[in-house]
Amino acid sequence: MEASPSDRLEALYTALLACSVNQRSRAWAELADLVAAAARADETVARIWSSGGAPGQWPADWRMLARELDRIGSHDPETDHALTDWLRRHAPASPDPPSATSNAIGGSAVLHGPSVQARDIHGGVHFHTRPARSHPDMPVPRQLPPVTVRFIDREADRRSLDEMRARRPDHGSRILVVTGLAGVGKTSLASRWLRDHADSFPDGQLYADLGGHAADGKVGPVSPGTVLEAFLVALGVPSVPADIAQRSALWRSVTADLRLAVLLDNAFTAAQIRPLLLGTSTGLTVVTSRNSLTGLRADGAFVHRLDGLPTESAVELLAVGGGPRVAREPAAAHEVVRLCGRLPLTVGLVSAQLAVRPHRSVSHLADSLSRGHGAVDLRVDGEAVVRTALDLSYALLPEASAVLYRRMGLLPTDRHDLTMLATVVEDRPAAPDGTHLTDMTVQTLVEANLLEETGPGTYRLHDLVHPHARLLGEEREGPDRREHTLRRFVDWCLATAATAERILTPSHRLPGHDVPVGTVVPTPLAGPDEALAWLDTHRNGILGAVRHCAHAGWHTACWRLTDLAWPLFVRLRPLEMWIETHHLGLEAARRSGSRPGEGRMLTSGAIGLRNAGRYAEAGDWYRQALEMALADGDVQQQAQAVSGLGHICLLAHRLDEAREHFEHALRLRESIGYRRGAALTRRRLGETALASGDLASAARHLRQAHIELRSLEEIYEETQVLATLGHVLDLTGDHDGGVTRLRQALTRFRVGDARSEHWEARCLEWLGLAAESRGNRTEASDHYTAARALLRRLDPSAAQRLDDRLRNL
């Protein structure tokens with residue numbers, strides 16, 4: 001059976017590492033011939049072979065050489081044949097022990113223990129006796145690196161490792177992989193945890209730094225053969241064979257019955273680990289790596305991803321150097337550890353800075369970190385240690401992943417999806433199914449722990465990684481490329497926001513202002529739930545895009561994106577974002593000379609100001625919109641502004657003024673046949689009647705509005721009216737009719753076209769009032785509690801109202 005491409009690549013990489021041990025060998029000479037032949041098909045491989053003098057001088061060369069040879073072989077038959085032949089003759093032997101049925105001994109065979117052969121023995125034979133573990137000259141190896149005195153917390157992570165260790169396999173070696181970002185504390189955790197369990201490993205604890213991310217000028221990755229030699233010597237083996245396969249076999253024989261722990265630190269690939277695995281379940285191998293080493297899962301490994309410290313633990317670490325200043329400025333301390341990504345490395349560095357500068361405030365430190373590239377620029381003895389660590393991870397990325405990484409850093413967003421990433425990588429409109437290649441590129445970044453998956457097809461750069469990616473994007477992507485990348489990101493935001501608007505609020509569409517088709521492909525959104533989820537997930541990206549458009553002078557894109565995000569504002573109510581984007585959008589519409597855009601920004605922005613309780617500002621925006629609409633003869637906009645002024649009066653409990661404004665708006669809307677607007681105005685008249693205690697008029701207006709909106713299939717607004725009508729009917733004494741409508745509305749607000757947590761909370765509160773009015777205190781408490789849980793996140797002041805209701809039950 002032929003090996004899969006990934007298997008051949010791993011085998012080739014392992015063979016290259018083994019071959020590099022002896023550059024005078026026949027394998028090395030034939031490898032040089034193979035590279036020369038492959039270079040005739042593609043000269044790229046020749047540059048890799050000759051870089052820095054000889055392969056192996058730089059950390060990435062062997063991996064790059066293996067990948068390039070494998071790639072050329074995939075499309076060049078001559079290279080493929082030569083590559084297969086070289087691997088057949090020079091790949092390291094399988095670590096599985098040879099069959100016991102054979103009685104032949106090869107020229108470099110190794111025998112362990114007394115052996116008898118009936119006939120001739122050909123070749124050199126070496127005899128090894130297993131060293132006694134109690135040998136007086138060979139102390140039990142305890143090689144684990146020291147744990148810093150500043151090791152804090154990690155209780156949950158240690159429990160996770162305990163649970164993984166308890167799930168021992170029925171046979172084979174036990175392997176635990178601790179993976180995570182540079183500086184997250186993988187080595188410290190593994191060393192501390194193994195020290196805590198030292199009694200479980202009386203035969204020793206071995207350690208090796210595999211050099212998977214060695215600094216410039218240092219040799220790495222370390223070959224498995226080198227590590228095996230050191231381990232065998234540490235266990236007292238007097239003579240170590242030269243061949244890596246024999247070393248691996250001897251390693252398994254020597255450790256067969258030992259209760260031994262092995263910490264393999266800073267691993268590069270699964271292939272680097274396999275020759276070092278123990279052959280028994282009495283021992284334990286712990287591996288740390290910045291890569292996820294997914295391939296080791298096939299060997300039975302359990303993988304634990306290590307994240308930053310919990311916030312309070314990170315603050316505790318900050319206080320080691322910051323002392324009482326940290327407790328005096330808790331908000332600033334939390335901001336510092338956030339900017340440091342809660343990584344022990346970075347938090348420890350800024351803690352040390354506070355220690356040597358006792359008069360520096362934590363607020364000053366937070367302000368300093370928030371500028372430029374933040375913790376990426378942290379230096380120790382003149383060296384940017386964080387950037388150096390991340391540069392090493394970046395240097396090992398394939399070119400496609402490196403390009404994507406840099407361009408992701410340029411984007412003003414904290415969430416990414418595959419369609420977005422395909423858009424910013426491609427120089428032409430992405431194909432609808434063009435995310436496949438991008439997905440493979442993304443997985444490389446995930447494997448390297450530079451990117452984390454936050455949901456199905458959704459990703460984020462770590463808080464510390466994002467500034468590093470941005471720095472590289474600014475350094476290595478030229479001005480034209482940076483502008484092109486950001487323009488495509490904005491176009492993707494516009495296209496996908498237009499899709500969400502069409503699904504959630506089709507009546508909001510502004511005629512004559514459709515997004516151009518064909519520039520980019522929007523993220524597919526299958527229905528209202530996905531549309532609202534996309535808006536929620538990417539709200540910060542939309543805000544970042546609006547800000548960038550305002551800064552770059554892309555005025556039309558600025559106000560159009562703000563307008564298209566209407567369903568985000570009306571359904572999820574992010575008030576600060578609502579107000580900021582409309583301030584930027586209003587200025588942009590005026591600069592672009594768009595009267596329709598200016599009118600939309602004024603009326604939509606006024607609603608945000610109104611919802612934030614800023615009634616005077618909202619009234620001013622509505623009056624500006626009214627003046628514009630009167631000057632332009634735009635009756636629909638006149639009615640919108642007048643209705644908005646009426647709503648402010650209603651909220652301020654100036655009910656007569658509110659009624660006058662709403663009746664005026666109703667006449668305007670009916671005069672132009674605007675049925676939807678007329679129905680919404682009747683809803684406001686119903687709410688005004690409710691506020692004045694005229695329940696009969698309220699029910700009449702609401703019934704008429706509900707019938708009209710239902711006929712227009714305006715599901716969201718119809719459901720709002722249905723809920724309000726249910727509340728009014730309950731107040732009139734029709735408890736069954738009221739509660740039935742409220743429950744219908746509650747179901748709709750929880751899923752589908754009418755989904756809205758704000759209105760879900762309002763329904764729950766009204767159902768609580770209905771239950772309380774009937775004397776059902778338990779049901780009322782349940783509804784109030786559920787409403788309060790939603791409002792604590794959406795509207796803390798309204799949550800206080802629910803607290804009062806619960807206290808008064």
# chains A, B, ... in the order shown; residues from 1 in each chain; ligands from 1
call {"tool": "residues_around", "arguments": {"residues": "stretch 63-67 of chain A", "least_positions_apart": "5", "cutoff": "9 Å", "atoms": "only C-alpha atoms", "output": "number ranges by chain"}}
result
A: 9-10, 12-13, 16, 45, 48-49, 55, 72, 396, 398
call {"tool": "residues_around", "arguments": {"residues": "A:Leu645", "least_positions_apart": "2", "cutoff": "8 Å", "atoms": "only C-alpha atoms", "output": "list of chain:residue names"}}
result
A:Gly619, A:Tyr622, A:Arg623, A:Ala641, A:Val642, A:Ser643, A:His647, A:Ile648, A:Cys649, A:Ala658, A:His661
call {"tool": "write_last_selection", "arguments": {"atoms": "N, CA, C and O atoms", "output": "PDB file, in the first residue's frame"}}
result
ATOM      1  N   GLY A 619     -33.193  64.357  19.980  1.00  0.00           N
ATOM      2  CA  GLY A 619     -34.147  65.319  19.436  1.00  0.00           C
ATOM      3  C   GLY A 619     -33.496  66.251  18.433  1.00  0.00           C
ATOM      4  O   GLY A 619     -34.087  66.587  17.395  1.00  0.00           O
ATOM      5  N   TYR A 622     -33.071  64.355  15.172  1.00  0.00           N
ATOM      6  CA  TYR A 622     -34.360  64.213  14.487  1.00  0.00           C
ATOM      7  C   TYR A 622     -34.769  65.524  13.824  1.00  0.00           C
ATOM      8  O   TYR A 622     -35.297  65.538  12.693  1.00  0.00           O
ATOM      9  N   ARG A 623     -34.548  66.639  14.500  1.00  0.00           N
ATOM     10  CA  ARG A 623     -34.941  67.935  13.915  1.00  0.00           C
ATOM     11  C   ARG A 623     -34.090  68.266  12.688  1.00  0.00           C
ATOM     12  O   ARG A 623     -34.591  68.815  11.706  1.00  0.00           O
ATOM     13  N   ALA A 641     -38.800  61.274  10.966  1.00  0.00           N
ATOM     14  CA  ALA A 641     -38.298  62.236  11.945  1.00  0.00           C
ATOM     15  C   ALA A 641     -39.388  62.638  12.931  1.00  0.00           C
ATOM     16  O   ALA A 641     -39.149  62.729  14.143  1.00  0.00           O
ATOM     17  N   VAL A 642     -40.595  62.883  12.426  1.00  0.00           N
ATOM     18  CA  VAL A 642     -41.707  63.276  13.311  1.00  0.00           C
ATOM     19  C   VAL A 642     -42.027  62.144  14.281  1.00  0.00           C
ATOM     20  O   VAL A 642     -42.263  62.367  15.478  1.00  0.00           O
ATOM     21  N   SER A 643     -42.042  60.904  13.778  1.00  0.00           N
ATOM     22  CA  SER A 643     -42.309  59.763  14.648  1.00  0.00           C
ATOM     23  C   SER A 643     -41.223  59.637  15.715  1.00  0.00           C
ATOM     24  O   SER A 643     -41.514  59.330  16.883  1.00  0.00           O
ATOM     25  N   HIS A 647     -41.585  59.619  19.788  1.00  0.00           N
ATOM     26  CA  HIS A 647     -41.108  58.571  20.683  1.00  0.00           C
ATOM     27  C   HIS A 647     -40.336  59.172  21.866  1.00  0.00           C
ATOM     28  O   HIS A 647     -40.425  58.695  22.997  1.00  0.00           O
ATOM     29  N   ILE A 648     -39.557  60.217  21.597  1.00  0.00           N
ATOM     30  CA  ILE A 648     -38.842  60.882  22.697  1.00  0.00           C
ATOM     31  C   ILE A 648     -39.841  61.468  23.691  1.00  0.00           C
ATOM     32  O   ILE A 648     -39.672  61.350  24.914  1.00  0.00           O
ATOM     33  N   CYS A 649     -40.893  62.073  23.180  1.00  0.00           N
ATOM     34  CA  CYS A 649     -41.923  62.621  24.069  1.00  0.00           C
ATOM     35  C   CYS A 649     -42.583  61.514  24.882  1.00  0.00           C
ATOM     36  O   CYS A 649     -42.885  61.686  26.073  1.00  0.00           O
ATOM     37  N   ALA A 658     -46.582  63.503  22.448  1.00  0.00           N
ATOM     38  CA  ALA A 658     -46.289  62.262  21.746  1.00  0.00           C
ATOM     39  C   ALA A 658     -47.431  61.890  20.815  1.00  0.00           C
ATOM     40  O   ALA A 658     -47.206  61.533  19.648  1.00  0.00           O
ATOM     41  N   HIS A 661     -47.498  64.083  17.681  1.00  0.00           N
ATOM     42  CA  HIS A 661     -46.459  63.716  16.721  1.00  0.00           C
ATOM     43  C   HIS A 661     -46.826  62.422  15.985  1.00  0.00           C
ATOM     44  O   HIS A 661     -46.659  62.335  14.748  1.00  0.00           O
TER      45      HIS A 661
END
call {"tool": "residues_around", "arguments": {"residues": "A:Leu791", "least_positions_apart": "2", "cutoff": "10 Å", "atoms": "only C-alpha atoms", "output": "list in words"}}
result
Glu757, His758, Glu760, Ala761, Arg762, Thr785, Ala786, Ala787, Arg788, Ala789, Arg793, Leu794, Asp795, Pro796, Ser797, Ala798, Ala799, Gln800, Arg801 and Leu802 of chain A
call {"tool": "select_by_dssp", "arguments": {"residues": "stretch 218-274 of chain A", "states": "strand (DSSP E or B)", "output": "ChimeraX atom specification"}}
result
/A:261-267
call {"tool": "residues_around", "arguments": {"residues": "stretch 247-255 of chain A", "least_positions_apart": "3", "cutoff": "6 Å", "atoms": "only C-alpha atoms", "output": "ChimeraX atom specification"}}
result
/A:241,244,258,275,278-279
call {"tool": "atom_distance", "arguments": {"atom1": "atom CA of A:Pro516", "atom2": "atom CA of A:Ala497"}}
result
12.8 Å
call {"tool": "residues_around", "arguments": {"residues": "A:Gly323", "least_positions_apart": "4", "cutoff": "9 Å", "atoms": "only C-alpha atoms", "output": "PDB file with C-alpha atoms, in the first residue's frame"}}
result
ATOM      1  CA  LEU A 318       2.073  41.223  38.313  1.00  0.00           C
ATOM      2  CA  ALA A 319       1.956  42.108  42.002  1.00  0.00           C
ATOM      3  CA  ALA A 327      -4.012  46.534  44.407  1.00  0.00           C
ATOM      4  CA  LEU A 354       7.568  47.644  37.941  1.00  0.00           C
ATOM      5  CA  ALA A 355      10.046  46.243  40.450  1.00  0.00           C
ATOM      6  CA  PRO A 358       9.109  51.732  42.041  1.00  0.00           C
TER       7      PRO A 358
END
call {"tool": "residues_around", "arguments": {"residues": "stretch 737-742 of chain A", "least_positions_apart": "3", "cutoff": "7 Å", "atoms": "only C-alpha atoms", "output": "ChimeraX atom specification"}}
result
/A:722-723,726-727,729-730,734,745-746,763,767
call {"tool": "write_last_selection", "arguments": {"atoms": "all heavy atoms", "output": "PDB file, in the first residue's frame"}}
result
ATOM      1  N   LEU A 722     -47.338  41.873  18.999  1.00  0.00           N
ATOM      2  CA  LEU A 722     -48.041  40.754  19.630  1.00  0.00           C
ATOM      3  C   LEU A 722     -47.736  40.712  21.131  1.00  0.00           C
ATOM      4  O   LEU A 722     -48.640  40.515  21.955  1.00  0.00           O
ATOM      5  CB  LEU A 722     -47.609  39.440  18.967  1.00  0.00           C
ATOM      6  CG  LEU A 722     -48.216  38.155  19.538  1.00  0.00           C
ATOM      7  CD1 LEU A 722     -49.722  38.102  19.297  1.00  0.00           C
ATOM      8  CD2 LEU A 722     -47.527  36.931  18.926  1.00  0.00           C
ATOM      9  N   ALA A 723     -46.468  40.901  21.496  1.00  0.00           N
ATOM     10  CA  ALA A 723     -46.088  40.885  22.913  1.00  0.00           C
ATOM     11  C   ALA A 723     -46.722  42.041  23.664  1.00  0.00           C
ATOM     12  O   ALA A 723     -47.259  41.867  24.778  1.00  0.00           O
ATOM     13  CB  ALA A 723     -44.565  40.941  23.040  1.00  0.00           C
ATOM     14  N   GLY A 726     -50.335  41.395  24.171  1.00  0.00           N
ATOM     15  CA  GLY A 726     -50.532  40.420  25.242  1.00  0.00           C
ATOM     16  C   GLY A 726     -50.456  41.071  26.609  1.00  0.00           C
ATOM     17  O   GLY A 726     -51.257  40.763  27.504  1.00  0.00           O
ATOM     18  N   HIS A 727     -49.510  41.978  26.784  1.00  0.00           N
ATOM     19  CA  HIS A 727     -49.380  42.682  28.066  1.00  0.00           C
ATOM     20  C   HIS A 727     -50.615  43.539  28.345  1.00  0.00           C
ATOM     21  O   HIS A 727     -51.148  43.544  29.469  1.00  0.00           O
ATOM     22  CB  HIS A 727     -48.124  43.555  28.029  1.00  0.00           C
ATOM     23  CG  HIS A 727     -47.916  44.392  29.248  1.00  0.00           C
ATOM     24  ND1 HIS A 727     -47.913  43.872  30.532  1.00  0.00           N
ATOM     25  CD2 HIS A 727     -47.713  45.744  29.384  1.00  0.00           C
ATOM     26  CE1 HIS A 727     -47.697  44.848  31.407  1.00  0.00           C
ATOM     27  NE2 HIS A 727     -47.590  45.983  30.726  1.00  0.00           N
ATOM     28  N   LEU A 729     -53.701  43.111  27.127  1.00  0.00           N
ATOM     29  CA  LEU A 729     -54.849  42.249  27.407  1.00  0.00           C
ATOM     30  C   LEU A 729     -54.795  41.715  28.838  1.00  0.00           C
ATOM     31  O   LEU A 729     -55.828  41.612  29.521  1.00  0.00           O
ATOM     32  CB  LEU A 729     -54.896  41.091  26.418  1.00  0.00           C
ATOM     33  CG  LEU A 729     -55.211  41.468  24.960  1.00  0.00           C
ATOM     34  CD1 LEU A 729     -55.154  40.244  24.054  1.00  0.00           C
ATOM     35  CD2 LEU A 729     -56.586  42.128  24.862  1.00  0.00           C
ATOM     36  N   ASP A 730     -53.601  41.358  29.309  1.00  0.00           N
ATOM     37  CA  ASP A 730     -53.465  40.891  30.691  1.00  0.00           C
ATOM     38  C   ASP A 730     -53.898  41.975  31.673  1.00  0.00           C
ATOM     39  O   ASP A 730     -54.576  41.696  32.668  1.00  0.00           O
ATOM     40  CB  ASP A 730     -52.019  40.472  30.961  1.00  0.00           C
ATOM     41  CG  ASP A 730     -51.793  40.062  32.398  1.00  0.00           C
ATOM     42  OD1 ASP A 730     -52.399  39.061  32.833  1.00  0.00           O
ATOM     43  OD2 ASP A 730     -51.022  40.749  33.101  1.00  0.00           O
ATOM     44  N   ASP A 734     -58.009  40.087  30.711  1.00  0.00           N
ATOM     45  CA  ASP A 734     -58.025  38.911  29.852  1.00  0.00           C
ATOM     46  C   ASP A 734     -56.698  38.178  30.032  1.00  0.00           C
ATOM     47  O   ASP A 734     -55.815  38.185  29.154  1.00  0.00           O
ATOM     48  CB  ASP A 734     -58.225  39.336  28.394  1.00  0.00           C
ATOM     49  CG  ASP A 734     -58.299  38.131  27.439  1.00  0.00           C
ATOM     50  OD1 ASP A 734     -58.288  36.985  27.927  1.00  0.00           O
ATOM     51  OD2 ASP A 734     -58.344  38.357  26.216  1.00  0.00           O
ATOM     52  N   ALA A 745     -45.055  35.095  21.594  1.00  0.00           N
ATOM     53  CA  ALA A 745     -44.005  36.056  21.261  1.00  0.00           C
ATOM     54  C   ALA A 745     -42.658  35.618  21.842  1.00  0.00           C
ATOM     55  O   ALA A 745     -41.619  35.726  21.178  1.00  0.00           O
ATOM     56  CB  ALA A 745     -44.382  37.437  21.794  1.00  0.00           C
ATOM     57  N   LEU A 746     -42.667  35.091  23.064  1.00  0.00           N
ATOM     58  CA  LEU A 746     -41.426  34.652  23.704  1.00  0.00           C
ATOM     59  C   LEU A 746     -40.747  33.569  22.872  1.00  0.00           C
ATOM     60  O   LEU A 746     -39.525  33.607  22.678  1.00  0.00           O
ATOM     61  CB  LEU A 746     -41.723  34.135  25.115  1.00  0.00           C
ATOM     62  CG  LEU A 746     -40.536  33.609  25.916  1.00  0.00           C
ATOM     63  CD1 LEU A 746     -39.525  34.719  26.164  1.00  0.00           C
ATOM     64  CD2 LEU A 746     -41.007  32.998  27.236  1.00  0.00           C
ATOM     65  N   CYS A 763     -40.568  40.194  27.380  1.00  0.00           N
ATOM     66  CA  CYS A 763     -41.663  39.217  27.481  1.00  0.00           C
ATOM     67  C   CYS A 763     -41.636  38.500  28.831  1.00  0.00           C
ATOM     68  O   CYS A 763     -42.677  38.285  29.465  1.00  0.00           O
ATOM     69  CB  CYS A 763     -41.559  38.188  26.358  1.00  0.00           C
ATOM     70  SG  CYS A 763     -42.380  38.670  24.837  1.00  0.00           S
ATOM     71  N   LEU A 767     -44.569  38.437  31.556  1.00  0.00           N
ATOM     72  CA  LEU A 767     -45.131  37.175  32.047  1.00  0.00           C
ATOM     73  C   LEU A 767     -45.013  37.086  33.565  1.00  0.00           C
ATOM     74  O   LEU A 767     -45.898  36.544  34.244  1.00  0.00           O
ATOM     75  CB  LEU A 767     -44.408  35.989  31.394  1.00  0.00           C
ATOM     76  CG  LEU A 767     -44.807  35.669  29.950  1.00  0.00           C
ATOM     77  CD1 LEU A 767     -43.819  34.694  29.310  1.00  0.00           C
ATOM     78  CD2 LEU A 767     -46.226  35.101  29.890  1.00  0.00           C
TER      79      LEU A 767
END
call {"tool": "closest_residue", "arguments": {"among": "A:Leu34, A:Ala156, A:Leu680, A:Val140", "to": "A:Trp193", "atoms": "only C-alpha atoms"}}
result
A:Ala156
call {"tool": "residues_around", "arguments": {"residues": "A:Gln205", "least_positions_apart": "5", "cutoff": "12 Å", "atoms": "only C-alpha atoms", "output": "ChimeraX atom specification"}}
result
/A:139-145,190-191,193-200,231,234-235,255,258-264,283-286
call {"tool": "write_last_selection", "arguments": {"atoms": "N, CA and C atoms", "output": "mmCIF file, in the first residue's frame"}}
result
data_model
loop_
_atom_site.group_PDB
_atom_site.id
_atom_site.type_symbol
_atom_site.label_atom_id
_atom_site.label_comp_id
_atom_site.auth_asym_id
_atom_site.auth_seq_id
_atom_site.Cartn_x
_atom_site.Cartn_y
_atom_site.Cartn_z
ATOM 1 N N PRO A 139 24.109 7.821 39.626
ATOM 2 C CA PRO A 139 22.927 8.237 40.382
ATOM 3 C C PRO A 139 21.673 8.175 39.517
ATOM 4 N N VAL A 140 20.542 8.011 40.167
ATOM 5 C CA VAL A 140 19.278 8.031 39.440
ATOM 6 C C VAL A 140 19.126 9.405 38.776
ATOM 7 N N PRO A 141 18.924 9.445 37.471
ATOM 8 C CA PRO A 141 18.866 10.751 36.787
ATOM 9 C C PRO A 141 17.636 11.556 37.208
ATOM 10 N N ARG A 142 17.872 12.788 37.602
ATOM 11 C CA ARG A 142 16.809 13.744 37.936
ATOM 12 C C ARG A 142 17.113 15.029 37.168
ATOM 13 N N GLN A 143 16.779 15.017 35.880
ATOM 14 C CA GLN A 143 17.255 16.047 34.971
ATOM 15 C C GLN A 143 16.265 17.178 34.719
ATOM 16 N N LEU A 144 15.113 17.158 35.371
ATOM 17 C CA LEU A 144 14.110 18.187 35.076
ATOM 18 C C LEU A 144 14.656 19.571 35.348
ATOM 19 N N PRO A 145 14.353 20.534 34.487
ATOM 20 C CA PRO A 145 14.823 21.901 34.729
ATOM 21 C C PRO A 145 14.152 22.486 35.964
ATOM 22 N N ALA A 190 4.997 21.514 32.893
ATOM 23 C CA ALA A 190 5.363 20.100 32.783
ATOM 24 C C ALA A 190 6.384 19.715 33.844
ATOM 25 N N SER A 191 7.376 20.574 34.060
ATOM 26 C CA SER A 191 8.409 20.280 35.054
ATOM 27 C C SER A 191 7.829 20.266 36.460
ATOM 28 N N TRP A 193 4.705 19.701 37.327
ATOM 29 C CA TRP A 193 3.791 18.566 37.477
ATOM 30 C C TRP A 193 4.564 17.270 37.648
ATOM 31 N N LEU A 194 5.630 17.067 36.884
ATOM 32 C CA LEU A 194 6.431 15.854 37.017
ATOM 33 C C LEU A 194 7.156 15.801 38.364
ATOM 34 N N ARG A 195 7.586 16.955 38.864
ATOM 35 C CA ARG A 195 8.198 16.991 40.197
ATOM 36 C C ARG A 195 7.180 16.594 41.265
ATOM 37 N N ASP A 196 5.929 17.045 41.078
ATOM 38 C CA ASP A 196 4.887 16.684 42.046
ATOM 39 C C ASP A 196 4.673 15.165 42.086
ATOM 40 N N HIS A 197 4.979 14.480 40.971
ATOM 41 C CA HIS A 197 4.768 13.037 40.880
ATOM 42 C C HIS A 197 6.098 12.273 40.864
ATOM 43 N N ALA A 198 7.138 12.853 41.427
ATOM 44 C CA ALA A 198 8.465 12.227 41.388
ATOM 45 C C ALA A 198 8.454 10.832 42.003
ATOM 46 N N ASP A 199 7.644 10.620 43.054
ATOM 47 C CA ASP A 199 7.609 9.306 43.703
ATOM 48 C C ASP A 199 7.100 8.210 42.771
ATOM 49 N N SER A 200 6.348 8.606 41.735
ATOM 50 C CA SER A 200 5.818 7.608 40.792
ATOM 51 C C SER A 200 6.874 7.137 39.814
ATOM 52 N N PHE A 231 20.427 10.018 26.530
ATOM 53 C CA PHE A 231 19.585 9.269 27.462
ATOM 54 C C PHE A 231 20.240 7.926 27.841
ATOM 55 N N ALA A 234 23.005 8.461 30.220
ATOM 56 C CA ALA A 234 22.491 8.806 31.542
ATOM 57 C C ALA A 234 22.004 7.578 32.302
ATOM 58 N N LEU A 235 21.569 6.547 31.557
ATOM 59 C CA LEU A 235 21.094 5.318 32.200
ATOM 60 C C LEU A 235 22.205 4.280 32.371
ATOM 61 N N THR A 255 14.763 0.461 28.898
ATOM 62 C CA THR A 255 13.705 1.073 29.715
ATOM 63 C C THR A 255 12.468 0.202 29.835
ATOM 64 N N LEU A 258 11.378 -0.089 33.440
ATOM 65 C CA LEU A 258 11.646 1.046 34.323
ATOM 66 C C LEU A 258 10.413 1.915 34.497
ATOM 67 N N ARG A 259 10.271 2.428 35.697
ATOM 68 C CA ARG A 259 9.253 3.459 35.956
ATOM 69 C C ARG A 259 9.962 4.807 35.815
ATOM 70 N N LEU A 260 9.899 5.302 34.605
ATOM 71 C CA LEU A 260 10.728 6.432 34.195
ATOM 72 C C LEU A 260 9.839 7.518 33.584
ATOM 73 N N ALA A 261 10.142 8.772 33.880
ATOM 74 C CA ALA A 261 9.463 9.904 33.238
ATOM 75 C C ALA A 261 10.440 10.593 32.309
ATOM 76 N N VAL A 262 9.971 10.929 31.110
ATOM 77 C CA VAL A 262 10.811 11.604 30.116
ATOM 78 C C VAL A 262 10.107 12.887 29.695
ATOM 79 N N LEU A 263 10.803 14.007 29.843
ATOM 80 C CA LEU A 263 10.267 15.295 29.400
ATOM 81 C C LEU A 263 11.019 15.710 28.137
ATOM 82 N N LEU A 264 10.312 15.699 27.010
ATOM 83 C CA LEU A 264 10.862 16.112 25.718
ATOM 84 C C LEU A 264 10.352 17.516 25.431
ATOM 85 N N GLY A 283 6.313 3.594 32.081
ATOM 86 C CA GLY A 283 6.910 4.917 32.039
ATOM 87 C C GLY A 283 5.945 5.941 31.470
ATOM 88 N N LEU A 284 6.398 7.174 31.395
ATOM 89 C CA LEU A 284 5.566 8.269 30.906
ATOM 90 C C LEU A 284 6.436 9.231 30.109
ATOM 91 N N THR A 285 5.943 9.605 28.933
ATOM 92 C CA THR A 285 6.609 10.618 28.113
ATOM 93 C C THR A 285 5.745 11.869 28.072
ATOM 94 N N VAL A 286 6.319 13.001 28.470
ATOM 95 C CA VAL A 286 5.637 14.287 28.393
ATOM 96 C C VAL A 286 6.358 15.130 27.354
#
call {"tool": "closest_residue", "arguments": {"among": "A:Leu609, A:Ala230, A:Ala332, A:Val326", "to": "A:Glu576", "atoms": "only C-alpha atoms"}}
result
A:Leu609
call {"tool": "closest_residue", "arguments": {"among": "A:Leu809, A:Asp782, A:Arg669, A:Arg571", "to": "A:Ala754", "atoms": "only C-alpha atoms"}}
result
A:Arg571
call {"tool": "closest_residue", "arguments": {"among": "A:Arg88, A:His304, A:Arg509, A:His484", "to": "A:Glu163", "atoms": "only C-alpha atoms"}}
result
A:His304
call {"tool": "atom_distance", "arguments": {"atom1": "atom CA of A:Arg755", "atom2": "atom CA of A:Thr505"}}
result
12.0 Å
call {"tool": "select_by_dssp", "arguments": {"residues": "stretch 139-283 of chain A", "states": "alpha helix (DSSP H)", "output": "MDAnalysis selection string"}}
result
chainID A and resid 155:166 186:196 224:234 244:254 270:273
call {"tool": "closest_residue", "arguments": {"among": "A:Ala91, A:Ala46, A:Ala352, A:Leu189", "to": "A:Cys19", "atoms": "only C-alpha atoms"}}
result
A:Ala91
call {"tool": "atom_distance", "arguments": {"atom1": "atom CA of A:Arg487", "atom2": "atom CA of A:Thr523"}}
result
16.3 Å
